[in-house]
Structure formats: structure tokens, C-alpha cells
Amino acid sequence: MLELISVSSGYADAQVLRQVSLQLNAGEIVCILGRNGAGKTTMMKTIMGLLKADAGQIMYNGTDLTTLSPHKIAGFGIGYIPQGRRLFAELTVAENLEIGLMAGGKSVATRDKVLAMFPRLAERLDQRADTLSGGEQQMLATGRALCLEPQLLLLDEPTEGLQPSMIALIRDTVVALKQQGVGILLVEQRVDAVLSIADKVMFLENGMSRDIMSADHLRKNPDLLKKYIGV
Amino acid sequence: MELAPYLILGSIEGLVTAAVLALMAVGLSLVFGVMRVVNVAHGEFFMLGAVLAWFVADMIGGHPAISFIAALFIAPMLVGSLAIVADTTILKRINYDPERTIVATIGLLYIIQQVTLMTYGSNARPVEPPFNQRISIPWFEWTESGLSMYWPWGLGTTTYKLAVIGFAIILLLAIWLLMTRTRIGLIMRATQLDRDVAQAYGINVDRVYAMVFGLGAGLAALAAVLIVPIQQAHYLMGHDPLLLSFIVVIIGGLGSLAGTVVAAVLIGLSDGLISVFFTPTLAKIIATLIVTFVLIFRPSGLLGKHRP
């Protein structure tokens with residue numbers, strides 16, 4: 001579904017991501033782990049076209065995304081939940097969801113499905129996004145991406161700053177999406193929150209892929225976590 | 001004559017200024033709000049609107065109403081199209097970098113101004129209003145027989161000036177509806193709030209920017225077409241409205257459309273009243289002083305949001 005082939009990228013003169021390769025299949029959850037500054041968010045932005053790849057190739061279902069504009073990439077059914085949620089703060093919940101629907105060319109029926117997953121959003125449709133609680137904001141960020149009915153979902157630290165019940169809700173949502181065949185690329189700092197649901201784990205260090213392994217292997221060898229990310 | 005009739009006269013003149021200023025400043029504010037571009041050439045788009053209105057009216061001829069209505073449509077469309085070309089060929093190429101866009105729009109200012117001078121000349125030329133009946137405004141006085149109405153000498157306006165105020169109100173309402181009730185308005189607001197995430201959600205930001213720059217310039221041109229039957233079209237007429245628009249946008253709050261309209265009414269009314277009682281120059285001095293105080297005591301403007 002998604003394949004990164006020796007992708008390098010960065011900001012201006014600073015190269016952050018160095019020759020990273022990765023493969024993600026439909027219905028698979030791949031978790032990217034790494035310390036702060038390892039290049040996890042840069043990798044997400046590069047896939048979305050928000051940062052141009054200096055080298056390498058990003059293939060999605062046979063289409064080369066590497067040189068495409070970001071607004072075209074969303075049209076392929078790739079949902080993106082950025083770090084810090086980055087909702088359209090002054091827009092209402094309904095308007096934020098509308099942006100997702102427009103991106104995927106979906107109808108109100110899709111919005112109703114999303115609202116059924118997050119009923120609390122349905123009660124706050126006319127409320128401004130920046131007045132929601134942290135958990136509700138994460139629901140909205142997730143809901144906005146799901147309005148695209150994505151085949152591939154990129155989540156950048158979705159559990160950041162959330163209480164345990166909200167983390168469980170996000171985790172259950174991700175598992176439900178995986179069961180529907182959605183491919184999920186997940187960046188997380190909280191290993192405990194994602195290790196149980198991931199299929200594969202990639203360790204990123206200084207912009208380079210240190211290792212890729214099955215989550216089962218990592219669960220059986222927790223010492224590897226200490227070795228790669230010091231936890 | 002009593003003071004009150006003068007106040008009415010000053011207020012009407014002020015509201016005409018406010019109407020035109022609000023349209024022009026909303027265009028400037030929209031461009032800054034969505035694109036973060038300080039468009040120094042905005043006054044030249046205004047001037048070009050007035051000059052093109054003269055060209056269109058002169059070419060079409062016939063009844064003033066027909067030529068004016070043609071100018072009202074054609075001039076803003078042409079100026080808006082020119083702005084879209086400027087956006088895609090200049091601003092986009094410098095990646096909307098804040099400093100470089102200021103320099104680029106200064107360059108654009110001189111190009112438009114000098115090309116106008118070379119083609120249109122330095123003469124000021126009028127456009128006939130579509131209608132211009134004089135309306136005398138009555139006032140009241142106490143006489144021995146009680147309250148009686150009279151028509152003070154000089155207290156009056158024209159149907160055209162009242163129409164300018166009314167038309168501007170309708171246009172401002174239309175812009176508000178466009179921004180808050182339509183899909184394209186939602187796209188513009190989303191782009192204004194977070195350009196990157198907007199792109200990640202399928203919004204073609206380049207197209208939005210071109211459209212907003214064209215719309216901003218078109219509004220300036222529309223304001224000019226409305227005012228050109230009152231003032232004449234001249235190749236240097238963009239300077240004062242540009243200065244006043246910046247004053248209005250800063251007082252109202254950068255990027256705030258509601259603040260811009262409120263500030264335009266304040267500045268327009270003060271301009272009208274002070275010009276009637278004192279001099280237009282004093283009105284400009286006071287407007288500049290208001291900006292100074294706003295920058296000191298409320299840097300984000302009357303209705304603007306604090307930006308870290």
C-alpha cells in the first residue's frame with residue numbers, strides 16, 4: 001500500500017530524514033518509535049508532501065507521491081492527524097468535519113458515521129474547536145481525518161496529553177480501522193499505548209532507520225526498547 | 001446656521017468616505033488575513049479601478065447609467081485578473097515571504113502607476129454618475145408659531161452619494177455571507193488558520209491565494225468605481241486611500257474583517273466631520289494619531305486577536 005524507498009528530506013539546509021525505507025500494507029499498523037528530534041514528524045510531513053523529499057521515492061498503491069502537491073495527496077484517501085492536533089481553531093466542530101468531507105469528496109452520511117463513533121462531537125457541532133477539551137480536540141482531529149474515509153491514516157502522537165480513558169478510545173478506534181483494512185502509520189512516544197496494537201515497529205534515530213521488526217518480537221524482547229530509545 | 005445641520009452634513013460626507021474606505025480596507029485586510037501579505041500596491045489597484053472605469057465609460061458612452069454599470073462590472077474584473085496574474089507570476093515565485101512581498105508590491109506599485117501615467121496621462125478625468133439628483137436636507141427651528149421646518153442653505157447631498165453608502169453596505173454584507181456561509185469562505189478561513197493542514201486536507205492553497213489576491217484587488221477597484229463620479233480619476237489617486245486603508249486595518253485589527261468595517265466607519269466619520277468643521281489635513285493628522293495610540297495601547301487593534 002505505502003512504500004518509502006530510501007527517502008531523505010529536511011528543512012532548508014538541515015537534512016533530517018536520511019534514506020529511510022518502509023513498507024506498510026492494508027490493514028496493518030506500523031508504529032514509528034524514536035526520541036525527540038529523530039525525524040518522526042518529518043517523515044509524516046514528507047509522506048503528505050508538506051516537505052519535499054530530497055531523494056528517494058514514496059509510492060502509494062502504485063502511484064508515485066514524491067513530487068505531488070500536498071492537496072493532491074489527500075485526494076488519494078490519505079488521512080493525516082498532525083502532531084498537536086492542529087485543528088482549525090476558530091472554525092466550529094461542524095466546519096472542521098466539513099473540511100475533511102470536502103477533502104475526500106464525501107457526503108453527510110460519512111459525517112454521521114463519524115459522529116456515531118464520537119457522539120460527544122455531535123453535541124458540540126456549533127462549538128468552536130479551540131473551546132473543546134484536549135480529549136474532544138483529539139476526537140475532532142481523528143473525526144476530521146475519518147471524514148475522508150481514508151485507506152491510509154497517518155497519526156502523529158495522537159495520545160499526547162490525553163487522559164487514560166481517552167487514550168483507550170483512540171486505541172480502540174485505531175484497532176477498528178485496522179479491522180476495516182485501513183493501513184495505519186503511527187508515531188508515538190508512549191510505547192505502552194501502542195505496542196499492544198502494532199504489527200510492525202520501526203526505530204528511528206537521527207533520521208535513520210535503526211531497525212524494523214514485528215511488534216511480537218519487540219514484545220518478547222523488551223530490552224530492545226532500552227537499546228533503541230532508552231525506556 | 002446651527003451646529004446640528006453641519007453635523008449631519010459632515011456625517012453624510014463621512015459615511016460616503018467610510019463606505020468606500022471599508023470596501024477598500026476589507027480587500028487589504030482579506031489579503032493580509034489569508035495570505036499574510038502586506039500589499040503596498042493596493043492603492044494602485046484602487047487607482048487602476050478608477051482609471052479603467054473612465055476608459056470603459058468613455059468607450060461605451062450613451063446614457064451615464066449604462067456606461068457606469070458596465071464600468072462597475074468590467075473595471076473590478078480586469079483589476080482582479082491583473083492581481084491574479086501578479087500573484088502567480090511574482091508573489092508565488094517568492095513563496096509569499098513577508099519581507100520580499102513588501103518589496104515586490106512596492107515594485108508593482110510603481111509599475112502600475114508609471115504605466116498608467118504613460119497610457120492615461122496626468123490629467124484628472126471624471127466619470128458621470130448614473131443619477132445625481134440633489135436632495136436638500138431639512139432642519140427644524142422654534143418659531144413663534146412652534147416647531148417649523150426649513151431648508152438651510154448648503155445642507156444637502158445627492159442621491160448618488162446615498163446610493164454609494166447603500167451599495168457598500170450590501171457589498172460588505174455579501175462579503176460577510178461569502179466568508180461565513182459558503183464553502184469557498186470556509187476554504188479561505190481554513191487556509192488563513194493553518195496553511196499546511198489546509199493543504200493536507202486537499203485545499204489548493206495556491207489557487208486560494210490567487211483568488212484572495214484577485215478578490216482584494218477587485219474590491220479596491222470596486223471602491224474606486226463608486227467614488228470616481230465624486231472624485232476624478234487620476235494616476236496619483238491611490239496614495240491617500242492606501243494610507244487610510246492601512247490606518248483602518250491597523251485600528252480594526254490585522255486580518256479582522258469586522259474590525260476593519262468598524263474602524264472604517266470611525267475614520268470615515270471623523271474625516272467627514274473634521275473636514276467640515278476644520279480641514280481635511282487635520283482629519284488625516286488625527287487619524288494618524290489614533291493609529292499611534294492604538295499601536296501603543298492595543299497593538300492587536302480594536303477587534304484583532306493577539307498574535308504571539
# chains A, B, ... in the order shown; residues from 1 in each chain; ligands from 1
>>> interface_residues(of="chain A", to="chain B", cutoff="7 Å", atoms="only C-alpha atoms", output="JSON, numbers by chain")
{"A": [48, 50, 70, 71, 72, 74, 75, 80, 88, 99, 100, 103]}
>>> write_last_selection(atoms="C-alpha atoms", output="compact mmCIF listing (two decimals), in the first residue's frame")
# COMPACT_ATOMS: atom_id res chain seq x y z
CA MET A 48 1.97 14.18 2.99
CA LEU A 50 4.35 19.15 3.16
CA PRO A 70 0.07 18.06 -0.78
CA HIS A 71 -3.50 18.92 -1.76
CA LYS A 72 -3.40 16.18 -4.40
CA ALA A 74 -5.12 13.98 0.29
CA GLY A 75 -7.24 13.09 -2.75
CA TYR A 80 -3.41 12.94 8.35
CA PHE A 88 -8.77 24.89 12.56
CA ILE A 99 -13.10 20.28 5.59
CA GLY A 100 -12.48 16.53 5.94
CA ALA A 103 -11.06 16.59 1.01
>>> select_by_dssp(residues="stretch 157-209 of chain A", states="strand (DSSP E or B)", output="number ranges by chain")
A: 183-187, 200-205, 208-209
>>> write_last_selection(atoms="N, CA and C atoms", output="compact mmCIF listing (two decimals), in the first residue's frame")
# COMPACT_ATOMS: atom_id res chain seq x y z
N GLY A 183 -4.74 1.02 6.39
CA GLY A 183 -3.34 0.97 6.80
C GLY A 183 -3.05 2.15 7.72
N ILE A 184 -2.30 1.90 8.79
CA ILE A 184 -2.08 2.96 9.77
C ILE A 184 -0.60 3.12 10.08
N LEU A 185 -0.13 4.34 9.91
CA LEU A 185 1.24 4.68 10.28
C LEU A 185 1.15 5.57 11.51
N LEU A 186 1.75 5.07 12.59
CA LEU A 186 1.51 5.69 13.89
C LEU A 186 2.84 6.13 14.50
N VAL A 187 2.94 7.42 14.79
CA VAL A 187 4.13 7.91 15.50
C VAL A 187 3.74 8.06 16.96
N LYS A 200 3.99 -3.88 13.23
CA LYS A 200 5.42 -3.70 12.99
C LYS A 200 5.89 -2.46 13.71
N VAL A 201 7.15 -2.44 14.06
CA VAL A 201 7.72 -1.26 14.73
C VAL A 201 9.00 -0.86 14.00
N MET A 202 9.11 0.44 13.75
CA MET A 202 10.37 0.94 13.17
C MET A 202 11.01 1.87 14.19
N PHE A 203 12.31 1.66 14.44
CA PHE A 203 13.04 2.57 15.32
C PHE A 203 13.79 3.58 14.47
N LEU A 204 13.55 4.85 14.78
CA LEU A 204 14.18 5.92 14.01
C LEU A 204 15.17 6.63 14.94
N GLU A 205 16.36 6.85 14.43
CA GLU A 205 17.37 7.55 15.25
C GLU A 205 18.18 8.46 14.34
N MET A 208 17.61 8.21 10.74
CA MET A 208 17.87 6.95 10.03
C MET A 208 17.10 5.81 10.68
N SER A 209 16.74 4.84 9.85
CA SER A 209 16.04 3.68 10.37
C SER A 209 17.07 2.76 11.03
>>> closest_residue(among="B:Ala210, B:Ala75, B:Ile251, B:Ala124", to="B:Leu295", atoms="only C-alpha atoms")
B:Ile251
>>> atom_distance(atom1="atom CA of A:Arg190", atom2="atom CA of A:Gly39")
16.2 Å
>>> closest_residue(among="B:Leu302, B:Asp58, B:Asp240, B:Ile286", to="B:Leu273", atoms="only C-alpha atoms")
B:Ile286
>>> residues_around(residues="A:Ser165", least_positions_apart="4", cutoff="12 Å", atoms="only C-alpha atoms", output="PyMOL selection string")
chain A and resi 135-136+159+161+169-172+193
